[in-house]
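As stored in structure-v8.cif (mmCIF, N, CA and C atoms):
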```cif
data_entry
loop_
_atom_site.label_atom_id
_atom_site.label_comp_id
_atom_site.auth_asym_id
_atom_site.auth_seq_id
_atom_site.Cartn_x
_atom_site.Cartn_y
_atom_site.Cartn_z
N PHE A 44 25.38 131.56 -20.28
CA PHE A 44 24.05 131.87 -20.80
C PHE A 44 23.38 132.88 -19.90
N SER A 45 22.78 133.87 -20.51
CA SER A 45 22.08 134.90 -19.75
C SER A 45 20.82 135.32 -20.51
N TYR A 46 19.68 135.18 -19.87
CA TYR A 46 18.43 135.59 -20.51
C TYR A 46 18.48 137.07 -20.90
N GLU A 47 19.15 137.86 -20.08
CA GLU A 47 19.22 139.29 -20.34
C GLU A 47 19.95 139.60 -21.65
N ASN A 48 20.86 138.75 -22.05
CA ASN A 48 21.65 138.98 -23.26
C ASN A 48 21.12 138.25 -24.48
N LEU A 49 20.02 137.55 -24.33
CA LEU A 49 19.50 136.73 -25.42
C LEU A 49 19.13 137.58 -26.64
N GLY A 50 18.42 138.67 -26.42
CA GLY A 50 18.04 139.55 -27.53
C GLY A 50 19.25 140.13 -28.22
N TYR A 51 20.23 140.51 -27.44
CA TYR A 51 21.48 141.04 -28.00
C TYR A 51 22.17 139.99 -28.86
N ALA A 52 22.24 138.77 -28.36
CA ALA A 52 22.92 137.69 -29.09
C ALA A 52 22.22 137.40 -30.41
N HIS A 53 20.89 137.35 -30.40
CA HIS A 53 20.16 137.10 -31.64
C HIS A 53 20.33 138.27 -32.61
N GLY A 54 20.32 139.49 -32.09
CA GLY A 54 20.54 140.66 -32.93
C GLY A 54 21.92 140.66 -33.56
N LYS A 55 22.91 140.27 -32.78
CA LYS A 55 24.28 140.20 -33.29
C LYS A 55 24.39 139.16 -34.40
N CYS A 56 23.71 138.04 -34.24
CA CYS A 56 23.71 137.00 -35.27
C CYS A 56 23.11 137.54 -36.56
N GLN A 57 22.01 138.27 -36.44
CA GLN A 57 21.34 138.85 -37.61
C GLN A 57 22.26 139.84 -38.32
N VAL A 58 22.93 140.70 -37.57
CA VAL A 58 23.84 141.69 -38.16
C VAL A 58 25.00 140.99 -38.88
N LYS A 59 25.56 139.97 -38.26
CA LYS A 59 26.66 139.23 -38.90
C LYS A 59 26.19 138.57 -40.19
N PHE A 60 24.97 138.06 -40.17
CA PHE A 60 24.39 137.45 -41.37
C PHE A 60 24.23 138.48 -42.48
N LEU A 61 23.66 139.62 -42.15
CA LEU A 61 23.46 140.67 -43.16
C LEU A 61 24.79 141.16 -43.72
N ASN A 62 25.80 141.29 -42.86
CA ASN A 62 27.13 141.69 -43.33
C ASN A 62 27.72 140.65 -44.28
N ALA A 63 27.52 139.38 -43.98
CA ALA A 63 28.02 138.32 -44.86
C ALA A 63 27.32 138.37 -46.21
N LEU A 64 26.01 138.67 -46.21
CA LEU A 64 25.29 138.83 -47.48
C LEU A 64 25.89 139.97 -48.30
N LYS A 65 26.11 141.10 -47.65
CA LYS A 65 26.66 142.27 -48.34
C LYS A 65 28.05 142.02 -48.90
N GLU A 66 28.83 141.22 -48.16
CA GLU A 66 30.20 140.91 -48.60
C GLU A 66 30.22 139.83 -49.68
N GLY A 67 29.08 139.19 -49.92
CA GLY A 67 29.01 138.16 -50.94
C GLY A 67 29.74 136.88 -50.55
N ILE A 68 29.78 136.59 -49.26
CA ILE A 68 30.41 135.35 -48.78
C ILE A 68 29.73 134.17 -49.50
N ASN A 69 30.52 133.24 -50.01
CA ASN A 69 29.97 132.13 -50.80
C ASN A 69 28.98 131.25 -50.03
N VAL A 70 29.36 130.84 -48.85
CA VAL A 70 28.51 129.97 -48.04
C VAL A 70 28.33 130.61 -46.68
N ILE A 71 27.09 130.79 -46.28
CA ILE A 71 26.78 131.38 -44.98
C ILE A 71 25.98 130.35 -44.19
N VAL A 72 26.44 130.05 -43.00
CA VAL A 72 25.74 129.12 -42.12
C VAL A 72 25.27 129.90 -40.90
N VAL A 73 23.98 129.87 -40.65
CA VAL A 73 23.42 130.48 -39.45
C VAL A 73 23.18 129.36 -38.47
N ASP A 74 24.00 129.31 -37.46
CA ASP A 74 23.90 128.27 -36.43
C ASP A 74 23.27 128.90 -35.21
N ASN A 75 21.95 128.77 -35.11
CA ASN A 75 21.23 129.44 -34.05
C ASN A 75 20.08 128.55 -33.61
N THR A 76 19.50 128.86 -32.49
CA THR A 76 18.40 128.06 -31.96
C THR A 76 17.07 128.55 -32.51
N ASN A 77 16.89 128.40 -33.79
CA ASN A 77 15.63 128.76 -34.43
C ASN A 77 14.69 127.57 -34.33
N THR A 78 13.83 127.59 -33.32
CA THR A 78 12.96 126.44 -33.08
C THR A 78 11.60 126.59 -33.78
N LEU A 79 11.23 127.81 -34.12
CA LEU A 79 9.97 128.08 -34.80
C LEU A 79 10.25 128.60 -36.19
N HIS A 80 9.40 128.27 -37.13
CA HIS A 80 9.61 128.73 -38.50
C HIS A 80 9.75 130.24 -38.57
N ARG A 81 8.96 130.96 -37.81
CA ARG A 81 9.03 132.43 -37.86
C ARG A 81 10.39 132.97 -37.41
N GLU A 82 11.14 132.18 -36.66
CA GLU A 82 12.44 132.64 -36.18
C GLU A 82 13.51 132.63 -37.26
N PHE A 83 13.33 131.83 -38.29
CA PHE A 83 14.33 131.83 -39.37
C PHE A 83 13.78 132.36 -40.68
N ARG A 84 12.52 132.76 -40.70
CA ARG A 84 11.89 133.24 -41.93
C ARG A 84 12.63 134.44 -42.52
N ASP A 85 13.06 135.40 -41.68
CA ASP A 85 13.78 136.57 -42.19
C ASP A 85 15.11 136.19 -42.82
N TYR A 86 15.83 135.25 -42.18
CA TYR A 86 17.09 134.79 -42.75
C TYR A 86 16.84 134.20 -44.14
N GLU A 87 15.83 133.37 -44.24
CA GLU A 87 15.50 132.73 -45.51
C GLU A 87 15.14 133.78 -46.57
N LYS A 88 14.29 134.71 -46.21
CA LYS A 88 13.84 135.75 -47.15
C LYS A 88 15.00 136.62 -47.61
N GLN A 89 15.80 137.08 -46.66
CA GLN A 89 16.92 137.96 -47.00
C GLN A 89 17.96 137.24 -47.84
N GLY A 90 18.21 135.97 -47.54
CA GLY A 90 19.16 135.20 -48.33
C GLY A 90 18.69 135.04 -49.77
N LYS A 91 17.43 134.70 -49.94
CA LYS A 91 16.88 134.55 -51.30
C LYS A 91 16.90 135.87 -52.05
N GLU A 92 16.54 136.96 -51.36
CA GLU A 92 16.55 138.28 -52.00
C GLU A 92 17.95 138.68 -52.44
N ALA A 93 18.95 138.18 -51.75
CA ALA A 93 20.34 138.49 -52.09
C ALA A 93 20.88 137.53 -53.16
N GLY A 94 20.04 136.61 -53.64
CA GLY A 94 20.44 135.71 -54.71
C GLY A 94 21.05 134.40 -54.26
N TYR A 95 20.92 134.07 -52.99
CA TYR A 95 21.47 132.82 -52.46
C TYR A 95 20.45 131.69 -52.58
N ARG A 96 20.95 130.48 -52.75
CA ARG A 96 20.12 129.29 -52.58
C ARG A 96 20.09 129.04 -51.08
N VAL A 97 18.91 128.84 -50.53
CA VAL A 97 18.76 128.72 -49.08
C VAL A 97 18.33 127.31 -48.73
N PHE A 98 18.98 126.74 -47.74
CA PHE A 98 18.64 125.42 -47.25
C PHE A 98 18.41 125.52 -45.75
N ILE A 99 17.32 124.97 -45.29
CA ILE A 99 17.04 124.89 -43.86
C ILE A 99 17.40 123.47 -43.44
N VAL A 100 18.33 123.35 -42.52
CA VAL A 100 18.83 122.05 -42.12
C VAL A 100 18.67 121.89 -40.61
N ALA A 101 18.00 120.84 -40.22
CA ALA A 101 17.92 120.48 -38.81
C ALA A 101 19.00 119.42 -38.57
N VAL A 102 19.92 119.74 -37.71
CA VAL A 102 21.05 118.85 -37.47
C VAL A 102 20.78 118.02 -36.22
N GLY A 103 20.94 116.73 -36.36
CA GLY A 103 20.82 115.86 -35.20
C GLY A 103 19.39 115.56 -34.82
N THR A 104 19.22 115.17 -33.59
CA THR A 104 17.92 114.80 -33.06
C THR A 104 17.55 115.74 -31.92
N LEU A 105 16.39 115.54 -31.39
CA LEU A 105 15.97 116.33 -30.23
C LEU A 105 16.20 115.55 -28.94
N ASP A 106 17.34 114.94 -28.85
CA ASP A 106 17.72 114.26 -27.62
C ASP A 106 18.09 115.34 -26.62
N ARG A 107 17.22 115.59 -25.69
CA ARG A 107 17.38 116.71 -24.77
C ARG A 107 18.64 116.59 -23.91
N GLN A 108 18.89 115.40 -23.40
CA GLN A 108 20.05 115.23 -22.54
C GLN A 108 21.35 115.42 -23.33
N LEU A 109 21.38 114.91 -24.55
CA LEU A 109 22.55 115.08 -25.40
C LEU A 109 22.74 116.57 -25.73
N SER A 110 21.64 117.25 -26.05
CA SER A 110 21.73 118.69 -26.33
C SER A 110 22.27 119.45 -25.12
N TYR A 111 21.80 119.09 -23.95
CA TYR A 111 22.27 119.74 -22.73
C TYR A 111 23.77 119.50 -22.52
N SER A 112 24.19 118.27 -22.73
CA SER A 112 25.60 117.94 -22.48
C SER A 112 26.53 118.59 -23.49
N ARG A 113 26.03 118.91 -24.69
CA ARG A 113 26.88 119.48 -25.74
C ARG A 113 26.80 121.00 -25.84
N ASN A 114 25.85 121.63 -25.17
CA ASN A 114 25.70 123.07 -25.38
C ASN A 114 26.87 123.82 -24.77
N SER A 115 27.35 124.81 -25.50
CA SER A 115 28.56 125.54 -25.10
C SER A 115 28.27 126.85 -24.38
N HIS A 116 26.99 127.14 -24.15
CA HIS A 116 26.63 128.41 -23.53
C HIS A 116 26.01 128.24 -22.15
N ASP A 117 26.14 127.06 -21.59
CA ASP A 117 25.57 126.77 -20.27
C ASP A 117 24.07 127.04 -20.20
N VAL A 118 23.37 126.69 -21.28
CA VAL A 118 21.92 126.84 -21.30
C VAL A 118 21.34 125.82 -20.33
N PRO A 119 20.49 126.27 -19.41
CA PRO A 119 19.93 125.33 -18.44
C PRO A 119 19.01 124.31 -19.09
N MET A 120 18.90 123.15 -18.46
CA MET A 120 18.06 122.07 -18.98
C MET A 120 16.61 122.53 -19.16
N ASP A 121 16.13 123.36 -18.26
CA ASP A 121 14.76 123.86 -18.37
C ASP A 121 14.55 124.61 -19.69
N SER A 122 15.52 125.40 -20.09
CA SER A 122 15.42 126.15 -21.35
C SER A 122 15.49 125.21 -22.54
N ILE A 123 16.34 124.20 -22.47
CA ILE A 123 16.42 123.22 -23.55
C ILE A 123 15.09 122.48 -23.69
N ASN A 124 14.47 122.14 -22.58
CA ASN A 124 13.16 121.48 -22.62
C ASN A 124 12.11 122.39 -23.26
N LYS A 125 12.13 123.68 -22.94
CA LYS A 125 11.17 124.62 -23.53
C LYS A 125 11.37 124.72 -25.05
N MET A 126 12.64 124.79 -25.48
CA MET A 126 12.92 124.86 -26.91
C MET A 126 12.45 123.58 -27.61
N ALA A 127 12.72 122.44 -27.00
CA ALA A 127 12.33 121.16 -27.60
C ALA A 127 10.81 121.04 -27.68
N ASN A 128 10.11 121.55 -26.69
CA ASN A 128 8.65 121.47 -26.67
C ASN A 128 8.00 122.31 -27.74
N ARG A 129 8.66 123.38 -28.17
CA ARG A 129 8.06 124.23 -29.19
C ARG A 129 8.66 124.00 -30.59
N TRP A 130 9.50 123.01 -30.72
CA TRP A 130 10.18 122.70 -31.98
C TRP A 130 9.20 122.47 -33.12
N GLN A 131 9.44 123.14 -34.24
CA GLN A 131 8.66 122.92 -35.46
C GLN A 131 9.61 122.36 -36.52
N PRO A 132 9.45 121.08 -36.87
CA PRO A 132 10.34 120.48 -37.89
C PRO A 132 10.08 121.03 -39.28
#
```

Just give me the structure of the file as structure tokens.
Amino acid sequence: FSYENLGYAHGKCQVKFLNALKEGINVIVVDNTNTLHREFRDYEKQGKEAGYRVFIVAVGTLDRQLSYSRNSHDVPMDSINKMANRWQP
């Protein structure tokens, strides 16, 4: 995990999503740390505009310790706490 690469990583996710829309992939899953509604609003809008049915799914709970133990990007506990504190269900 690197704060310096965070913007790049989110941008790459957005590009991959847009490419999947253009290719007409049947099911597209955006697995990202969208903790605020505004962070996934563009995905939702673009998906609907492309003719997709869009579902926003929150997976699991906000068990911070469990999230820390399962994260695959070595996100520090402090960052997980910040994300959990600003979570909008």

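The environment of region 78-87 of chain A within 7 Å, counting only N, CA and C atoms and disregarding residues fewer than 5 places along the same chain, consists of Glu92, Val97, Met126, Arg129, Trp130, Gln131 and Pro132 of chain A.
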
With N, CA and C atoms retained, write the just-selected residues as a short mmCIF file (atom, residue, chain, number, x, y, z; two decimals), in the coordinates of the input.
```
data_model
loop_
_atom_site.label_atom_id
_atom_site.label_comp_id
_atom_site.auth_asym_id
_atom_site.auth_seq_id
_atom_site.Cartn_x
_atom_site.Cartn_y
_atom_site.Cartn_z
N GLU A 92 16.54 136.96 -51.36
CA GLU A 92 16.55 138.28 -52.00
C GLU A 92 17.95 138.68 -52.44
N VAL A 97 18.91 128.84 -50.53
CA VAL A 97 18.76 128.72 -49.08
C VAL A 97 18.33 127.31 -48.73
N MET A 126 12.64 124.79 -25.48
CA MET A 126 12.92 124.86 -26.91
C MET A 126 12.45 123.58 -27.61
N ARG A 129 8.66 123.38 -28.17
CA ARG A 129 8.06 124.23 -29.19
C ARG A 129 8.66 124.00 -30.59
N TRP A 130 9.50 123.01 -30.72
CA TRP A 130 10.18 122.70 -31.98
C TRP A 130 9.20 122.47 -33.12
N GLN A 131 9.44 123.14 -34.24
CA GLN A 131 8.66 122.92 -35.46
C GLN A 131 9.61 122.36 -36.52
N PRO A 132 9.45 121.08 -36.87
CA PRO A 132 10.34 120.48 -37.89
C PRO A 132 10.08 121.03 -39.28
#
```

Checklist entry - Smallest atom-to-atom distance to Thr76 (chain A): which of A:Met120, A:Val102, A:Ala93, A:Ala63, using only C-alpha atoms? => result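 Nearest candidate to Thr76 (chain A) out of A:Met120, A:Val102, A:Ala93, A:Ala63: A:Val102.
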
Checklist entry - What gap, in Å, lies between CA of Tyr51 (chain A) and CA of Leu109 (chain A)? => result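 These atoms are spaced 26.1 Å apart.
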
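Our summary of the geometry notes that CA of Ala52 (chain A) is positioned 20.4 Å from CA of Ala101 (chain A).
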
Item to check | Pick from A:Tyr95, A:Gln108, A:Lys88, A:Val100, whichever lies nearest to Asp74 (chain A) using only C-alpha atoms | outcome: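 Using only C-alpha atoms, Asp74 (chain A) sits closest to A:Val100.
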
Item to check | alpha helix (DSSP H) call set, DSSP backbone run, region 66-131 of chain A, as a ChimeraX atom specification | outcome: /A:66,80-92,107-113,120-128

Next on the checklist: If I take atom C of Ala127 (chain A) and CA of Gly50 (chain A), how far is one from the other in Å, to one decimal?
Outcome noted: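 Computed distance, atom C of Ala127 (chain A) to CA of Gly50 (chain A), equals 19.9 Å.
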
Checklist entry - Which polymer residues have any atom within 6.5 Å of an atom of Ile123 (chain A), counting all atoms listed in the file, with same-chain residues fewer than 5 positions away left out, as a VMD selection string? => result chain A and resid 107 118 128

Kindly provide, as JSON, the centre and edge lengths (Å, one decimal) of an axis-aligned box around all atoms of region 79-95 of chain A given in the file, with 6 Å on each side.
```
{"center_x": 15.2, "center_y": 133.2, "center_z": -44.4, "size_x": 24.5, "size_y": 22.9, "size_z": 32.6}
```

Item to check | Residue nearest Lys65 (chain A) among A:Asn77, A:Ser122, A:Gln89, A:Asn114 (counting only C-alpha atoms) | outcome: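 Closest to Lys65 (chain A) of all the choices is A:Gln89.
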